[in-house]
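The next block holds one structure in the form of structure tokens; read it before the comments.
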Amino acid sequence: MNAIRPRRLRSTGAIRRLVAETVPQVSSLVLPAFVAEGISVPRDIGSMPGVKQHSLDSLRAAAATAAELGLGGIMLFGIPASKDERGSAALDPAGVLCQAISAVKAETGDELIVMSDVCLDEFTSHGHCGVLDESGRVDNDATVELYRQMAVLHAESGVDVVAPSGMMDGQVGAIRESLDNAGQLNTAILAYTAKYASAFYGPFREAVDSSFTGNRRQYQQDPANRREALRELELDVAEGADMVMVKPASSYLDVLADVSAVSPVPVAAYQVSGEFAMVEAAAERGWIDREAAIDESLLSIARAGADIILTYWAAEVARRYVAGGRG
Ligand code: PBG
């Protein structure tokens with residue numbers, strides 16, 4: 001006979017709930033949302049069933065719902081009507097992202113944390129996250145100058161948190177300096193600290209109408225590397241990051257656990273478009289239990305140490321958690 005029986009604590013739902021180490025929280029979820037310039041009816045994104053390119057009006061409504069559900073925040077991505085080599089539309093104070101920030105802020109006030117993507121890939125014709133030098137490589141320092149201006153514009157539009165996602169060296173410190181010089185002391189920075197050059201961003205390209213081909217291996221991290229994430233963490237924290245992020249989430253839970261074990265600031269993880277699309281596609285074919293897979297994926301990300309989770313399922317799972325009394 002076995003004297004020790006771990007199954008005792010698994011025998012009913014009530015006891016499993018009692019001893020659960022990780023409890024999903026609606027207030028830790030952030031909904032990424034896309035807004036396209038010049039459309040009045042939201043558009044479907046083929047590879048991301050249920051996710052839309054919003055109009056300003058439908059974005060406002062989605063943000064209001066997010067606030068009502070008690071989500072932690074919304075992360076805004078803008079899709080300009082026209083793109084060019086330098087991503088000029090990103091620096092237009094009347095551009096789509098600035099308009100989206102003020103519209104959402106006006107709608108939800110202090111109820112919902114409004115975050116914005118500070119990056120050029122949605123705005124450049126070539127789809128890279130920065131401007132190119134004569135040899136066609138992404139120019140780190142010239143790009144950071146543009147991120148500075150972009151972050152200040154977002155802050156002036158009322159954003160709570162700017163999220164630089166381009167993996168340029170020095171981007172966090174430069175943005176902090178520019179925000180402070182502009183008097184935007186309360187605008188926080190969520191740094192994309194360990195962002196990997198990942199195949200799982202595939203569907204996002206369609207979501208932001210990107211014509212990008214090639215890869216971002218000259219600036220995003222190599223999926224082979226784990227230790228490097230801690231070096232990026234140290235730098236971002238020293239440069240003034242208020243929060244840090246690991247991205248993608250599911251294939252990088254080891255990195256997430258490492259970062260969360262030592263980070264002095266809150267850690268976010270981004271469950272990206274490909275992670276979303278794979279579950280949706282398998283579920284559509286009846287190959288996987290959709291809701292169970294979604295819940296398990298989010299639980300795993302939280303268990304690995306994420307304090308904050310960005311997920312396209314944020315609103316859906318919030319409804320489910322609240323209904324199930326787990327909010
Ligand atoms: C860059 C950015 C990307 C994503 C978020 N911010 C694309 C990339 O780095 O290639 C991907 C998010 C997703 O796949 O859900 N602005």
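Going through the structure tokens in order, the chains are called A, B, and so on, while each chain numbers its residues from 1 and the ligands are numbered from 1 in the order shown.
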
List as a Markdown table every residue of chain A that is in contact with ligand 1, defined as an atom at most 6 Å from one of its atoms (using only C-alpha atoms and all ligand atoms), together with the nearest atom pair and the distance in Å rounded to one decimal, sorted by chain and then rising number.
| residue | atom | partner | partner_atom_place_in_ligand_line | distance |
| --- | --- | --- | --- | --- |
| A:Cys119 | CA | ligand 1 | 16 (N) | 4.9 |
| A:Asp121 | CA | ligand 1 | 16 (N) | 5.5 |
| A:Ser165 | CA | ligand 1 | 1 (C) | 5.3 |
| A:Tyr201 | CA | ligand 1 | 14 (O) | 3.4 |
| A:Phe204 | CA | ligand 1 | 14 (O) | 4.5 |
| A:Val272 | CA | ligand 1 | 15 (O) | 3.5 |
| A:Ser273 | CA | ligand 1 | 15 (O) | 3.5 |

With 10 Å as the cut-off and only C-alpha atoms counted, what is the closest atom pair between each nearby residue of stretch 202-306 of chain A and stretch 132-146 of chain A? Distances in Å to one decimal, ordered by chain and number, as a Markdown table.
| residue | atom | partner | partner_atom | distance |
| --- | --- | --- | --- | --- |
| A:Arg216 | CA | A:Val138 | CA | 9.3 |
| A:Gln218 | CA | A:Val138 | CA | 8.1 |
| A:Tyr219 | CA | A:Val138 | CA | 8.2 |

Can you write out the residues you just picked, keeping N, CA and C atoms, as a PDB file, in the first residue's frame?
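Output (again.pdb):
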ATOM      1  N   ARG A 216      13.394  39.378 -39.009  1.00  0.00           N
ATOM      2  CA  ARG A 216      13.868  40.478 -38.158  1.00  0.00           C
ATOM      3  C   ARG A 216      15.038  40.022 -37.288  1.00  0.00           C
ATOM      4  N   GLN A 218      18.088  40.514 -37.310  1.00  0.00           N
ATOM      5  CA  GLN A 218      19.158  41.448 -36.943  1.00  0.00           C
ATOM      6  C   GLN A 218      18.803  42.311 -35.746  1.00  0.00           C
ATOM      7  N   TYR A 219      17.536  42.275 -35.329  1.00  0.00           N
ATOM      8  CA  TYR A 219      17.215  43.049 -34.117  1.00  0.00           C
ATOM      9  C   TYR A 219      16.438  42.264 -33.061  1.00  0.00           C
TER      10      TYR A 219
END

Contact table stretch 46-88 of chain A vs stretch 103-116 of chain A, cut-off 6 Å, shortest pair per residue, only C-alpha atoms, as a tab-separated table:
residue	atom	partner	partner_atom	distance
A:Arg60	CA	A:Val104	CA	5.5
A:Ala67	CA	A:Leu112	CA	5.4
A:Gly73	CA	A:Ile113	CA	4.3
A:Ile74	CA	A:Val114	CA	5.3
A:Met75	CA	A:Met115	CA	4.6
A:Leu76	CA	A:Ser116	CA	4.8

File dump, residues just selected, all heavy atoms, as a PDB file, in the first residue's frame:
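Final file, part_11.pdb:
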ATOM      1  N   ARG A  60     -13.922  52.022 -29.977  1.00  0.00           N
ATOM      2  CA  ARG A  60     -14.470  52.635 -28.764  1.00  0.00           C
ATOM      3  C   ARG A  60     -15.401  51.663 -28.045  1.00  0.00           C
ATOM      4  O   ARG A  60     -15.340  51.510 -26.821  1.00  0.00           O
ATOM      5  CB  ARG A  60     -15.247  53.899 -29.159  1.00  0.00           C
ATOM      6  CG  ARG A  60     -14.813  55.110 -28.388  1.00  0.00           C
ATOM      7  CD  ARG A  60     -15.642  56.322 -28.748  1.00  0.00           C
ATOM      8  NE  ARG A  60     -14.891  57.211 -29.607  1.00  0.00           N
ATOM      9  CZ  ARG A  60     -15.295  57.660 -30.787  1.00  0.00           C
ATOM     10  NH1 ARG A  60     -16.469  57.299 -31.280  1.00  0.00           N
ATOM     11  NH2 ARG A  60     -14.528  58.465 -31.477  1.00  0.00           N
ATOM     12  N   ALA A  67     -13.543  47.518 -20.466  1.00  0.00           N
ATOM     13  CA  ALA A  67     -13.590  48.171 -19.153  1.00  0.00           C
ATOM     14  C   ALA A  67     -14.694  47.553 -18.291  1.00  0.00           C
ATOM     15  O   ALA A  67     -14.483  47.251 -17.111  1.00  0.00           O
ATOM     16  CB  ALA A  67     -13.801  49.676 -19.318  1.00  0.00           C
ATOM     17  N   GLY A  73      -6.273  46.083 -19.306  1.00  0.00           N
ATOM     18  CA  GLY A  73      -5.902  47.121 -20.265  1.00  0.00           C
ATOM     19  C   GLY A  73      -6.188  46.723 -21.693  1.00  0.00           C
ATOM     20  O   GLY A  73      -6.679  45.613 -21.973  1.00  0.00           O
ATOM     21  N   ILE A  74      -5.847  47.663 -22.576  1.00  0.00           N
ATOM     22  CA  ILE A  74      -5.985  47.425 -24.012  1.00  0.00           C
ATOM     23  C   ILE A  74      -4.688  47.914 -24.664  1.00  0.00           C
ATOM     24  O   ILE A  74      -4.137  48.934 -24.247  1.00  0.00           O
ATOM     25  CB  ILE A  74      -7.235  48.156 -24.561  1.00  0.00           C
ATOM     26  CG1 ILE A  74      -7.560  47.748 -26.001  1.00  0.00           C
ATOM     27  CG2 ILE A  74      -7.112  49.673 -24.445  1.00  0.00           C
ATOM     28  CD1 ILE A  74      -8.976  48.163 -26.438  1.00  0.00           C
ATOM     29  N   MET A  75      -4.172  47.131 -25.592  1.00  0.00           N
ATOM     30  CA  MET A  75      -2.924  47.501 -26.284  1.00  0.00           C
ATOM     31  C   MET A  75      -3.272  47.851 -27.730  1.00  0.00           C
ATOM     32  O   MET A  75      -3.756  46.998 -28.476  1.00  0.00           O
ATOM     33  CB  MET A  75      -1.953  46.318 -26.254  1.00  0.00           C
ATOM     34  CG  MET A  75      -0.695  46.488 -27.107  1.00  0.00           C
ATOM     35  SD  MET A  75       0.458  47.705 -26.444  1.00  0.00           S
ATOM     36  CE  MET A  75       1.287  46.712 -25.202  1.00  0.00           C
ATOM     37  N   LEU A  76      -3.024  49.084 -28.120  1.00  0.00           N
ATOM     38  CA  LEU A  76      -3.474  49.567 -29.432  1.00  0.00           C
ATOM     39  C   LEU A  76      -2.388  49.510 -30.498  1.00  0.00           C
ATOM     40  O   LEU A  76      -1.248  49.940 -30.283  1.00  0.00           O
ATOM     41  CB  LEU A  76      -3.969  51.007 -29.291  1.00  0.00           C
ATOM     42  CG  LEU A  76      -5.114  51.217 -28.305  1.00  0.00           C
ATOM     43  CD1 LEU A  76      -5.442  52.700 -28.183  1.00  0.00           C
ATOM     44  CD2 LEU A  76      -6.350  50.419 -28.737  1.00  0.00           C
TER      45      LEU A  76
END

task: Determine which residues of stretch 90-316 of chain A receive a DSSP assignment of strand (DSSP E), computed from the backbone, and state them as a ChimeraX atom specification.
output: /A:113-118,161-164,188-195,243-247,267-270,308-310

- prompt: Using only C-alpha atoms, which residues sit within 7 Å of A:Ala90 once same-chain residues fewer than 4 positions away are excluded, as a list in words?
  reply: Gly95, Leu120, Phe123 and Met150 of chain A

Atoms kept (N, CA and C atoms) for selection, written as a PDB file, in the first residue's frame:
ATOM      1  N   GLY A  95      -2.701  61.275 -36.673  1.00  0.00           N
ATOM      2  CA  GLY A  95      -2.666  59.929 -37.260  1.00  0.00           C
ATOM      3  C   GLY A  95      -3.562  58.947 -36.510  1.00  0.00           C
ATOM      4  N   LEU A 120       7.618  51.009 -35.726  1.00  0.00           N
ATOM      5  CA  LEU A 120       7.329  51.556 -37.059  1.00  0.00           C
ATOM      6  C   LEU A 120       6.824  50.527 -38.064  1.00  0.00           C
ATOM      7  N   PHE A 123       3.805  51.084 -40.032  1.00  0.00           N
ATOM      8  CA  PHE A 123       3.782  52.341 -40.785  1.00  0.00           C
ATOM      9  C   PHE A 123       4.742  52.388 -41.979  1.00  0.00           C
ATOM     10  N   MET A 150       7.481  59.483 -31.326  1.00  0.00           N
ATOM     11  CA  MET A 150       6.233  58.730 -31.328  1.00  0.00           C
ATOM     12  C   MET A 150       5.679  58.590 -29.903  1.00  0.00           C
TER      13      MET A 150
END

field: Point-to-point distance in Å for atom CA of A:Leu310 and atom CA of A:Leu59
entry: 17.0 Å

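Distance check against A:Ala257 using only C-alpha atoms: of A:Gln221, A:Ser300, A:Ser40, A:Gln25, the minimum falls on A:Ser300.
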
field: Who sits within 8 Å of stretch 277-281 of chain A, only C-alpha atoms, same chain under 5 positions skipped, as an MDAnalysis selection string
entry: chainID A and resid 47:49 203 288 290 293:294

- request: For atom CA of A:Arg7 and atom CA of A:Ala20, quote the distance in Å rounded to one decimal.
  value: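 Spanning atom CA of A:Arg7 to atom CA of A:Ala20 is a straight-line distance of 13.6 Å.
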
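If you look at atom CA of A:Arg10 and atom CA of A:Ala302, they are 20.4 Å away from each other.
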
Select from stretch 82-138 of chain A everything DSSP, run on the backbone, classes as helix (DSSP H, G or I), then give the selection as an mmCIF file with C-alpha atoms, in the first residue's frame.
data_model
loop_
_atom_site.group_PDB
_atom_site.id
_atom_site.type_symbol
_atom_site.label_atom_id
_atom_site.label_comp_id
_atom_site.auth_asym_id
_atom_site.auth_seq_id
_atom_site.Cartn_x
_atom_site.Cartn_y
_atom_site.Cartn_z
ATOM 1 C CA SER A 88 5.908 59.095 -41.574
ATOM 2 C CA ALA A 89 2.275 58.466 -40.606
ATOM 3 C CA ALA A 90 3.530 57.352 -37.184
ATOM 4 C CA LEU A 91 4.604 60.922 -36.451
ATOM 5 C CA VAL A 96 -4.687 56.807 -36.629
ATOM 6 C CA LEU A 97 -2.930 55.638 -33.469
ATOM 7 C CA CYS A 98 -3.057 59.041 -31.735
ATOM 8 C CA GLN A 99 -6.734 59.324 -32.630
ATOM 9 C CA ALA A 100 -7.390 55.843 -31.317
ATOM 10 C CA ILE A 101 -5.637 56.623 -28.026
ATOM 11 C CA SER A 102 -7.680 59.763 -27.406
ATOM 12 C CA ALA A 103 -10.920 58.073 -28.450
ATOM 13 C CA VAL A 104 -10.384 55.124 -26.104
ATOM 14 C CA LYS A 105 -9.236 57.370 -23.277
ATOM 15 C CA ALA A 106 -12.310 59.563 -23.699
ATOM 16 C CA GLU A 107 -14.500 56.465 -23.608
ATOM 17 C CA THR A 108 -12.977 54.630 -20.654
ATOM 18 C CA GLY A 109 -11.237 57.317 -18.535
ATOM 19 C CA ASP A 110 -9.370 55.781 -15.640
ATOM 20 C CA GLU A 111 -11.249 52.489 -15.831
#

task: Find the residues around A:Val51 up to 10 Å (only C-alpha atoms counted), leave out those fewer than 2 positions away in its own chain, and share them as a ChimeraX atom specification.
output: /A:32-34,42-49,53-54,207,273,312-313

If you keep N, CA and C atoms, can you produce a file of those selected residues as a PDB file, in the first residue's frame?
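out-v6.pdb, freshly written:
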ATOM      1  N   PRO A  32      -5.076  43.024 -26.968  1.00  0.00           N
ATOM      2  CA  PRO A  32      -4.472  43.747 -28.086  1.00  0.00           C
ATOM      3  C   PRO A  32      -5.569  44.060 -29.109  1.00  0.00           C
ATOM      4  N   ALA A  33      -5.562  45.283 -29.663  1.00  0.00           N
ATOM      5  CA  ALA A  33      -6.626  45.675 -30.598  1.00  0.00           C
ATOM      6  C   ALA A  33      -6.043  46.477 -31.759  1.00  0.00           C
ATOM      7  N   PHE A  34      -6.579  46.226 -32.942  1.00  0.00           N
ATOM      8  CA  PHE A  34      -6.108  46.880 -34.167  1.00  0.00           C
ATOM      9  C   PHE A  34      -7.120  47.916 -34.619  1.00  0.00           C
ATOM     10  N   PRO A  42     -15.872  47.585 -39.269  1.00  0.00           N
ATOM     11  CA  PRO A  42     -14.729  46.735 -38.913  1.00  0.00           C
ATOM     12  C   PRO A  42     -14.509  45.627 -39.946  1.00  0.00           C
ATOM     13  N   ARG A  43     -13.247  45.257 -40.127  1.00  0.00           N
ATOM     14  CA  ARG A  43     -12.898  44.226 -41.117  1.00  0.00           C
ATOM     15  C   ARG A  43     -12.408  42.971 -40.432  1.00  0.00           C
ATOM     16  N   ASP A  44     -12.784  41.828 -40.996  1.00  0.00           N
ATOM     17  CA  ASP A  44     -12.297  40.561 -40.464  1.00  0.00           C
ATOM     18  C   ASP A  44     -10.823  40.374 -40.807  1.00  0.00           C
ATOM     19  N   ILE A  45     -10.136  39.583 -40.005  1.00  0.00           N
ATOM     20  CA  ILE A  45      -8.751  39.199 -40.292  1.00  0.00           C
ATOM     21  C   ILE A  45      -8.792  37.678 -40.488  1.00  0.00           C
ATOM     22  N   GLY A  46      -8.567  37.232 -41.717  1.00  0.00           N
ATOM     23  CA  GLY A  46      -8.783  35.830 -42.071  1.00  0.00           C
ATOM     24  C   GLY A  46      -8.093  34.835 -41.164  1.00  0.00           C
ATOM     25  N   SER A  47      -6.823  35.105 -40.827  1.00  0.00           N
ATOM     26  CA  SER A  47      -6.060  34.140 -40.052  1.00  0.00           C
ATOM     27  C   SER A  47      -6.266  34.301 -38.543  1.00  0.00           C
ATOM     28  N   MET A  48      -7.136  35.258 -38.156  1.00  0.00           N
ATOM     29  CA  MET A  48      -7.419  35.447 -36.729  1.00  0.00           C
ATOM     30  C   MET A  48      -8.938  35.537 -36.522  1.00  0.00           C
ATOM     31  N   PRO A  49      -9.611  34.383 -36.596  1.00  0.00           N
ATOM     32  CA  PRO A  49     -11.063  34.390 -36.513  1.00  0.00           C
ATOM     33  C   PRO A  49     -11.557  35.083 -35.242  1.00  0.00           C
ATOM     34  N   GLN A  53     -10.008  44.261 -37.573  1.00  0.00           N
ATOM     35  CA  GLN A  53      -9.415  45.593 -37.723  1.00  0.00           C
ATOM     36  C   GLN A  53     -10.561  46.539 -37.405  1.00  0.00           C
ATOM     37  N   HIS A  54     -10.412  47.315 -36.342  1.00  0.00           N
ATOM     38  CA  HIS A  54     -11.517  48.169 -35.913  1.00  0.00           C
ATOM     39  C   HIS A  54     -11.571  49.484 -36.664  1.00  0.00           C
ATOM     40  N   ALA A 207      -2.966  41.114 -39.996  1.00  0.00           N
ATOM     41  CA  ALA A 207      -3.746  42.016 -39.144  1.00  0.00           C
ATOM     42  C   ALA A 207      -3.366  43.474 -39.352  1.00  0.00           C
ATOM     43  N   SER A 273      -0.218  36.237 -32.114  1.00  0.00           N
ATOM     44  CA  SER A 273      -1.207  35.867 -33.137  1.00  0.00           C
ATOM     45  C   SER A 273      -1.118  34.408 -33.568  1.00  0.00           C
ATOM     46  N   TYR A 312      -5.456  37.738 -27.294  1.00  0.00           N
ATOM     47  CA  TYR A 312      -6.595  38.098 -28.141  1.00  0.00           C
ATOM     48  C   TYR A 312      -7.887  37.509 -27.592  1.00  0.00           C
ATOM     49  N   TRP A 313      -7.787  36.590 -26.657  1.00  0.00           N
ATOM     50  CA  TRP A 313      -8.981  35.991 -26.043  1.00  0.00           C
ATOM     51  C   TRP A 313      -9.383  36.720 -24.761  1.00  0.00           C
TER      52      TRP A 313
END
